[in-house]
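So this one's model.csv, CSV, C-alpha atoms:
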chain,number,residue,atom,x,y,z
K,1,MET,CA,-49.4,3.0,-153.8
K,2,SER,CA,-46.3,5.0,-153.2
K,3,ASP,CA,-43.9,3.6,-150.7
K,4,LYS,CA,-42.1,6.6,-149.3
K,5,GLN,CA,-38.9,6.0,-147.3
K,6,SER,CA,-37.8,8.9,-145.3
K,7,PHE,CA,-34.7,8.7,-143.1
K,8,GLU,CA,-32.8,11.3,-141.2
K,9,LEU,CA,-29.0,11.5,-140.9
K,10,ASP,CA,-27.8,11.6,-137.3
K,11,LEU,CA,-25.4,14.5,-137.2
K,12,MET,CA,-24.4,14.3,-133.6
K,13,PRO,CA,-21.4,11.9,-134.1
K,14,VAL,CA,-20.2,14.2,-136.9
K,15,ILE,CA,-20.4,17.3,-134.6
K,16,SER,CA,-18.6,15.4,-131.8
K,17,LEU,CA,-15.8,14.4,-134.2
K,18,LEU,CA,-15.4,17.9,-135.6
K,19,ALA,CA,-15.4,19.3,-132.0
K,20,VAL,CA,-12.6,17.0,-131.1
K,21,ILE,CA,-10.6,17.8,-134.2
K,22,ILE,CA,-11.1,21.6,-133.6
K,23,SER,CA,-9.9,21.3,-130.0
K,24,PHE,CA,-6.9,19.3,-131.1
K,25,LEU,CA,-5.9,21.7,-133.8
K,26,LEU,CA,-6.4,24.7,-131.6
K,27,LEU,CA,-4.1,23.2,-129.0
K,28,THR,CA,-1.4,22.2,-131.5
K,29,SER,CA,-1.4,25.2,-133.8
K,30,VAL,CA,1.6,27.5,-133.9
K,31,TRP,CA,0.3,31.0,-133.5
K,32,ILE,CA,3.7,32.8,-133.5
K,33,HIS,CA,5.1,33.0,-137.0
K,34,ILE,CA,8.9,32.8,-136.9
K,35,SER,CA,10.7,34.4,-139.9
K,36,SER,CA,14.0,36.1,-140.7
K,37,LEU,CA,15.6,39.3,-141.5
K,38,GLU,CA,18.5,38.9,-144.0
K,39,ILE,CA,21.6,40.9,-143.7
K,40,SER,CA,24.6,41.0,-146.0
K,41,GLN,CA,28.1,41.0,-144.6
K,42,ALA,CA,31.1,42.5,-146.4
K,43,LEU,CA,33.7,39.8,-147.2
K,44,GLY,CA,36.2,42.0,-149.0
K,45,THR,CA,36.7,45.0,-151.1
K,46,ASP,CA,35.2,45.1,-154.6
K,47,SER,CA,37.3,47.6,-156.6
K,48,ASP,CA,35.1,47.3,-159.7
K,49,ARG,CA,32.0,48.3,-157.8
K,50,LYS,CA,30.2,51.3,-159.0
K,51,VAL,CA,30.0,54.3,-156.7
K,52,GLU,CA,26.6,54.2,-155.2
K,53,PRO,CA,25.1,56.3,-152.4
K,54,THR,CA,25.3,54.5,-149.1
K,55,LEU,CA,23.7,55.2,-145.8
K,56,SER,CA,25.4,54.6,-142.5
K,57,ALA,CA,23.7,54.5,-139.1
K,58,SER,CA,25.8,54.6,-136.0
K,59,PHE,CA,24.5,54.1,-132.4
K,60,GLU,CA,25.7,56.8,-130.2
K,61,GLY,CA,24.2,56.5,-126.7
K,62,SER,CA,20.4,56.9,-127.1
K,63,ASN,CA,20.8,58.6,-130.5
K,64,ILE,CA,21.4,57.1,-134.0
K,65,LYS,CA,23.6,59.2,-136.2
K,66,PHE,CA,22.7,58.9,-139.9
K,67,GLU,CA,25.2,59.8,-142.7
K,68,VAL,CA,24.7,59.6,-146.4
K,69,LYS,CA,27.7,59.2,-148.6
K,70,ASP,CA,28.1,59.6,-152.4
K,71,SER,CA,24.8,61.2,-152.9
K,72,THR,CA,24.6,64.3,-155.0
K,73,VAL,CA,20.8,64.6,-154.8
K,74,ILE,CA,20.5,65.0,-151.0
K,75,SER,CA,21.4,68.5,-149.7
K,76,LYS,CA,24.4,68.8,-147.5
K,77,GLY,CA,22.4,69.8,-144.5
K,78,LYS,CA,20.3,66.6,-144.7
K,79,ARG,CA,23.1,64.2,-145.3
K,80,SER,CA,24.0,63.9,-141.6
K,81,LEU,CA,21.5,63.8,-138.8
K,82,SER,CA,21.3,62.5,-135.2
K,83,ILE,CA,17.9,61.2,-134.1
K,84,ASN,CA,16.6,59.4,-131.0
K,85,ASP,CA,12.9,59.0,-131.9
K,86,TRP,CA,11.7,56.1,-134.0
K,87,LYS,CA,9.0,58.1,-135.7
K,88,GLU,CA,11.6,60.6,-136.8
K,89,ILE,CA,13.9,57.8,-137.9
K,90,GLU,CA,11.1,56.4,-140.1
K,91,SER,CA,10.3,59.8,-141.6
K,92,TYR,CA,14.0,60.6,-142.2
K,93,SER,CA,14.4,57.2,-143.9
K,94,ASN,CA,11.4,57.9,-146.0
K,95,TYR,CA,12.8,61.3,-147.0
K,96,LEU,CA,16.2,59.8,-148.0
K,97,VAL,CA,14.7,57.1,-150.1
K,98,LYS,CA,12.3,59.4,-151.8
K,99,LYS,CA,15.0,62.0,-152.5
K,100,ASP,CA,17.6,59.5,-153.8
K,101,PRO,CA,16.0,56.1,-154.8
K,102,ARG,CA,19.5,54.8,-155.6
K,103,ILE,CA,20.2,54.3,-151.9
K,104,LYS,CA,20.1,50.5,-151.6
K,105,ILE,CA,23.0,49.9,-149.2
K,106,ALA,CA,23.1,50.7,-145.5
K,107,MET,CA,25.7,49.9,-142.9
K,108,ILE,CA,24.7,49.8,-139.2
K,109,LEU,CA,27.4,50.5,-136.7
K,110,PRO,CA,26.1,49.5,-133.3
K,111,ALA,CA,27.7,50.3,-130.0
K,112,GLY,CA,28.6,47.5,-127.5
K,113,ALA,CA,25.6,48.4,-125.3
K,114,SER,CA,23.1,48.6,-128.2
K,115,LYS,CA,20.1,46.5,-127.8
K,116,TYR,CA,19.5,43.7,-130.3
K,117,GLN,CA,15.8,44.7,-130.7
K,118,ASP,CA,16.9,48.2,-131.7
K,119,ILE,CA,19.3,47.0,-134.3
K,120,VAL,CA,16.6,44.6,-135.7
K,121,ARG,CA,14.1,47.5,-135.7
K,122,LEU,CA,16.5,49.7,-137.6
K,123,ILE,CA,17.1,47.0,-140.2
K,124,ASP,CA,13.4,46.5,-140.5
K,125,VAL,CA,12.9,50.3,-141.1
K,126,PHE,CA,15.5,50.2,-143.9
K,127,LYS,CA,14.1,47.0,-145.5
K,128,ALA,CA,10.6,48.4,-145.5
K,129,ARG,CA,11.8,51.4,-147.4
K,130,GLY,CA,13.6,49.4,-150.1
K,131,ILE,CA,17.1,49.5,-148.7
K,132,ILE,CA,17.8,45.9,-149.3
K,133,ASP,CA,21.5,45.5,-148.6
K,134,VAL,CA,21.9,46.1,-144.9
K,135,GLY,CA,25.1,45.1,-143.1
K,136,ILE,CA,26.2,45.2,-139.5
K,137,ALA,CA,29.7,46.2,-138.6
K,138,PRO,CA,31.3,44.2,-135.8
K,139,LEU,CA,32.8,46.0,-132.9
F,1,MET,CA,-72.8,11.2,-108.2
F,2,ASP,CA,-70.6,13.9,-106.7
F,3,ASN,CA,-67.6,12.4,-108.5
F,4,GLU,CA,-69.4,12.4,-111.8
F,5,ILE,CA,-70.3,16.0,-111.5
F,6,GLY,CA,-66.8,16.9,-110.5
F,7,LYS,CA,-65.4,14.9,-113.4
F,8,THR,CA,-67.7,16.6,-115.9
F,9,LYS,CA,-66.7,20.0,-114.5
F,10,ILE,CA,-63.0,19.3,-115.0
F,11,LEU,CA,-63.5,17.9,-118.5
F,12,ASP,CA,-65.7,20.7,-119.5
F,13,SER,CA,-63.4,23.4,-118.3
F,14,PRO,CA,-63.1,26.4,-120.7
F,15,LEU,CA,-59.3,26.0,-120.5
F,16,LYS,CA,-59.5,22.4,-121.8
F,17,ASN,CA,-59.1,23.2,-125.5
F,18,SER,CA,-56.4,25.7,-125.0
F,19,SER,CA,-54.3,23.4,-122.9
F,20,ILE,CA,-51.3,21.6,-124.5
F,21,LEU,CA,-52.0,18.7,-122.3
F,22,ASN,CA,-54.4,16.4,-124.0
F,23,TYR,CA,-56.8,14.6,-121.7
F,24,ASN,CA,-58.8,12.5,-124.0
F,25,LYS,CA,-56.5,12.4,-127.1
F,26,THR,CA,-59.2,13.9,-129.3
F,27,ILE,CA,-57.0,16.9,-130.3
F,28,GLU,CA,-54.1,15.9,-132.6
F,29,SER,CA,-51.0,15.3,-130.5
F,30,LYS,CA,-48.2,17.9,-130.8
F,31,SER,CA,-44.5,17.3,-130.0
F,32,LEU,CA,-42.9,19.7,-127.5
F,33,ALA,CA,-39.4,19.1,-128.8
F,34,VAL,CA,-38.3,21.7,-131.4
F,35,PRO,CA,-36.0,20.1,-134.1
F,36,LEU,CA,-32.6,21.7,-134.0
F,37,ILE,CA,-31.1,22.5,-137.4
F,38,LEU,CA,-27.6,21.1,-137.2
F,39,THR,CA,-26.5,21.5,-140.8
F,40,PRO,CA,-25.2,25.2,-140.4
F,41,LEU,CA,-23.4,24.1,-137.3
F,42,VAL,CA,-21.7,21.3,-139.1
F,43,ASP,CA,-20.8,23.7,-142.0
F,44,ALA,CA,-19.2,26.2,-139.5
F,45,PHE,CA,-17.3,23.4,-137.8
F,46,ALA,CA,-16.0,22.1,-141.2
F,47,ILE,CA,-14.8,25.6,-142.2
F,48,LEU,CA,-13.0,26.0,-138.9
F,49,VAL,CA,-11.3,22.6,-139.3
F,50,ILE,CA,-10.2,23.4,-142.8
F,51,TYR,CA,-8.8,26.8,-141.7
F,52,LEU,CA,-6.9,25.3,-138.7
F,53,LEU,CA,-5.5,22.5,-140.9
F,54,VAL,CA,-4.2,24.9,-143.5
F,55,ASN,CA,-2.9,27.3,-140.9
F,56,SER,CA,-1.1,24.5,-139.0
F,57,THR,CA,0.6,23.2,-142.1
F,58,ALA,CA,1.6,26.6,-143.3
F,59,THR,CA,3.4,27.6,-140.1
F,60,GLN,CA,5.6,24.6,-139.9
F,61,HIS,CA,9.2,25.7,-139.9
F,62,GLU,CA,12.2,24.1,-141.5
F,63,VAL,CA,14.3,25.4,-138.6
F,64,LYS,CA,13.7,24.4,-135.0
F,65,ILE,CA,13.6,27.6,-133.0
F,66,ASP,CA,14.4,27.6,-129.3
F,67,ASP,CA,11.3,28.4,-127.3
F,68,THR,CA,13.3,29.8,-124.4
F,69,ILE,CA,14.8,32.7,-126.4
F,70,SER,CA,12.6,35.8,-126.7
F,71,LEU,CA,13.2,36.8,-130.3
F,72,PRO,CA,12.9,40.4,-131.5
F,73,THR,CA,10.0,41.5,-133.7
F,74,ALA,CA,10.1,42.7,-137.3
F,75,SER,CA,7.7,43.1,-140.2
F,76,SER,CA,9.8,43.1,-143.4
F,77,THR,CA,10.7,39.5,-143.1
F,78,LYS,CA,11.3,36.5,-145.3
F,79,ASN,CA,10.7,32.8,-144.6
F,80,ILE,CA,13.3,31.1,-142.5
F,81,GLU,CA,15.2,28.4,-144.4
F,82,SER,CA,17.6,25.7,-143.3
F,83,GLY,CA,21.1,26.8,-142.4
F,84,VAL,CA,23.7,26.8,-139.7
F,85,ILE,CA,22.2,28.0,-136.4
F,86,VAL,CA,24.1,30.0,-133.9
F,87,LYS,CA,22.3,30.7,-130.7
F,88,ILE,CA,23.1,32.9,-127.8
F,89,LYS,CA,21.6,31.1,-124.8
F,90,ASN,CA,22.3,32.2,-121.2
F,91,GLY,CA,25.2,34.2,-122.5
F,92,HIS,CA,26.8,31.3,-124.3
F,93,PHE,CA,27.2,30.6,-128.0
F,94,VAL,CA,25.6,27.4,-129.1
F,95,ILE,CA,26.3,25.8,-132.4
F,96,GLN,CA,24.6,22.5,-133.3
F,97,GLU,CA,23.6,22.1,-129.6
F,98,LYS,CA,27.2,22.4,-128.4
F,99,ILE,CA,28.5,25.3,-126.3
F,100,VAL,CA,31.3,27.1,-128.1
F,101,SER,CA,33.5,29.9,-126.6
F,102,ALA,CA,33.8,33.2,-128.3
F,103,THR,CA,37.4,32.5,-129.2
F,104,ASN,CA,36.5,29.1,-130.8
F,105,LEU,CA,33.6,30.5,-132.8
F,106,THR,CA,35.6,31.1,-136.0
F,107,ASN,CA,37.1,27.5,-135.8
F,108,ALA,CA,33.7,25.9,-135.1
F,109,LEU,CA,32.1,27.7,-138.1
F,110,ARG,CA,35.1,27.0,-140.3
F,111,ALA,CA,34.7,23.2,-139.5
F,112,ILE,CA,31.0,23.4,-140.4
F,113,MET,CA,31.8,25.3,-143.6
F,114,ALA,CA,34.4,22.7,-144.6
F,115,LYS,CA,31.7,20.1,-144.7
F,116,GLN,CA,29.4,22.2,-147.0
F,117,ASP,CA,29.3,22.3,-150.8
F,118,PRO,CA,31.4,25.4,-151.8
F,119,GLN,CA,28.8,26.2,-154.5
F,120,LYS,CA,26.1,26.3,-151.9
F,121,VAL,CA,27.1,28.4,-149.0
F,122,PRO,CA,24.4,28.0,-146.3
F,123,TYR,CA,22.8,30.8,-144.4
F,124,LEU,CA,24.0,31.5,-140.9
F,125,ILE,CA,20.9,31.8,-138.7
F,126,VAL,CA,21.3,33.9,-135.6
F,127,GLU,CA,19.0,33.3,-132.6
F,128,ALA,CA,19.4,35.8,-129.8
F,129,ASP,CA,17.3,37.4,-127.1
F,130,LYS,CA,15.9,40.8,-128.0
F,131,GLU,CA,17.3,42.2,-124.8
F,132,SER,CA,20.9,41.0,-125.7
F,133,GLU,CA,23.5,43.7,-126.1
F,134,PHE,CA,25.5,43.9,-129.4
F,135,GLU,CA,28.7,43.2,-127.4
F,136,LYS,CA,27.4,39.5,-127.3
F,137,LEU,CA,26.5,39.4,-130.9
F,138,SER,CA,29.5,41.0,-132.4
F,139,PRO,CA,31.8,37.9,-132.2
F,140,ILE,CA,29.2,36.1,-134.5
F,141,MET,CA,29.3,38.9,-137.1
F,142,LEU,CA,33.1,38.9,-137.0
F,143,ALA,CA,33.4,35.1,-137.2
F,144,SER,CA,30.9,34.8,-140.0
F,145,SER,CA,32.8,37.4,-142.1
F,146,ASN,CA,36.1,35.6,-141.4
F,147,VAL,CA,34.7,32.2,-142.4
F,148,GLY,CA,32.8,33.4,-145.5
F,149,PHE,CA,29.1,33.5,-144.6
F,150,GLU,CA,28.0,36.3,-146.7
F,151,LYS,CA,24.3,36.1,-145.8
F,152,ILE,CA,23.1,36.1,-142.3
F,153,LYS,CA,19.5,35.6,-141.2
F,154,LEU,CA,18.4,37.0,-138.0
F,155,ALA,CA,15.5,34.9,-136.6
F,156,VAL,CA,12.6,37.2,-135.6
F,157,VAL,CA,9.0,37.0,-134.8
F,158,GLN,CA,6.8,38.4,-137.5
F,159,GLY,CA,4.7,41.3,-136.5
F,160,GLU,CA,4.5,45.0,-136.0
F,161,VAL,CA,6.9,46.7,-133.6
F,162,LYS,CA,5.0,48.7,-131.0

Target format structure tokens, applied to this file:
Amino acid sequence: MSDKQSFELDLMPVISLLAVIISFLLLTSVWIHISSLEISQALGTDSDRKVEPTLSASFEGSNIKFEVKDSTVISKGKRSLSINDWKEIESYSNYLVKKDPRIKIAMILPAGASKYQDIVRLIDVFKARGIIDVGIAPL
Amino acid sequence: MDNEIGKTKILDSPLKNSSILNYNKTIESKSLAVPLILTPLVDAFAILVIYLLVNSTATQHEVKIDDTISLPTASSTKNIESGVIVKIKNGHFVIQEKIVSATNLTNALRAIMAKQDPQKVPYLIVEADKESEFEKLSPIMLASSNVGFEKIKLAVVQGEVK
């Protein structure tokens, strides 16, 4: 005669425990991810440095004036431009990088009243397009 | 007699067999309680716990960020590493939890730099409110260049700028 033993696992304590852990983790989790944007500051002149195309962006009121130096690929008319719209800034940056991929250095010249968020946004636009060496000139 | 007739009538009711209430226990007893399948629920809970555990350990920062400062947003970011933190809090420069005037910023950073290994120049981490004007940030850039901090990390919140 077979002696069958059937038992059932009581899952209620497991569910209660998991619910407590979930509540605790939801309350203690950090949902905002803090990271950093790296900028390189010039410490002195490097006479041996190769001549590379550089981009400068100066804040002039509500506009940002872009200027490309030492680039033979970008036409003269496109080397200097003043823009006040972020979409245009992004497309102009795209154009510059596409036209002359050697552009890896950019210098930002903010005005005293320039907002920190705008400066960070401009650095972000450059970094996203492969311009890795971005510096900020002090006042 | 009346009672018996009445009893018979009730027991012989045509609804008797269809009723879930069992009068005379002749029909096999059925349980009203539907067993709840808890295994998928436990599985879902376990997945949630694992996700939250991984997420909470991955977002721990090496650097303690001041919650009162509303940082700017950027997307092309790197992980924040340990370094010398300079905060702009309520219009004051704060280095290692001490308020430093703009004129003493270079000296304060130089003193910190003197304690560091010259082969391993630390990063300078700047924490400033997104609404700050560059006029307030400029002394940090100037002092860092004077002292020799080549790399500066601007603390930002990761995300898309709207």

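Within 6 Å of chain K, counting only C-alpha atoms, chain F contributes Val49, Ser56, Pro72, Ala74, Ser76, Thr77, Lys78, Asn79, Ile80, Lys130, Glu131, Ser132, Glu133, Phe134, Glu135, Ser138, Met141, Leu142, Ser145, Glu150, Lys151, Ile152, Lys153, Leu154, Ala155, Val156, Val157 and Gln158 of chain F.
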
- Task: Write out as an NGL selection string which residues come within 7 Å of segment 106-117 of chain F when counting all atoms listed in the file, dropping same-chain ones fewer than 4 positions away.
- Result: :F and (121 or 143 or 147)

- Residue among F:Val34, F:Leu124, F:Leu53, F:Ala46 lying closest to Phe149 of chain F, counting only C-alpha atoms: F:Leu124

- Note on the structure: The distance between atom CA of Glu127 of chain F and atom CA of Leu27 of chain K is 25.5 Å

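Atom pair atom CA of Leu109 of chain K / atom CA of Ser56 of chain K: separated by 7.4 Å.
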
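We find atom CA of Ile132 of chain K and atom CA of Ser62 of chain K to be spaced 24.9 Å apart.
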
- Item | Lys89 of chain F environment, 12 Å, all atoms listed in the file, sequence neighbours closer than 3 positions dropped, as JSON, numbers by chain | {"F": [65, 66, 67, 68, 69, 70, 71, 86, 92, 93, 94, 95, 97, 98, 99, 100, 126, 127, 128, 129, 130, 131, 132, 136, 137]}

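Summary of the local environment: counting all atoms listed in the file, residues at most 9 Å from Lys104 of chain K, other than itself and those fewer than 4 positions away along its chain, are Glu52, Pro53, Thr54, Leu55, Val97, Phe126, Gly130, Ile131, Ile132, Asp133 and Val134 of chain K.
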
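Comparing K:Pro13, K:Ile108, K:Leu96, K:Glu88 by their smallest distance to Glu60 of chain K, the closest is K:Ile108 (using all atoms listed in the file).
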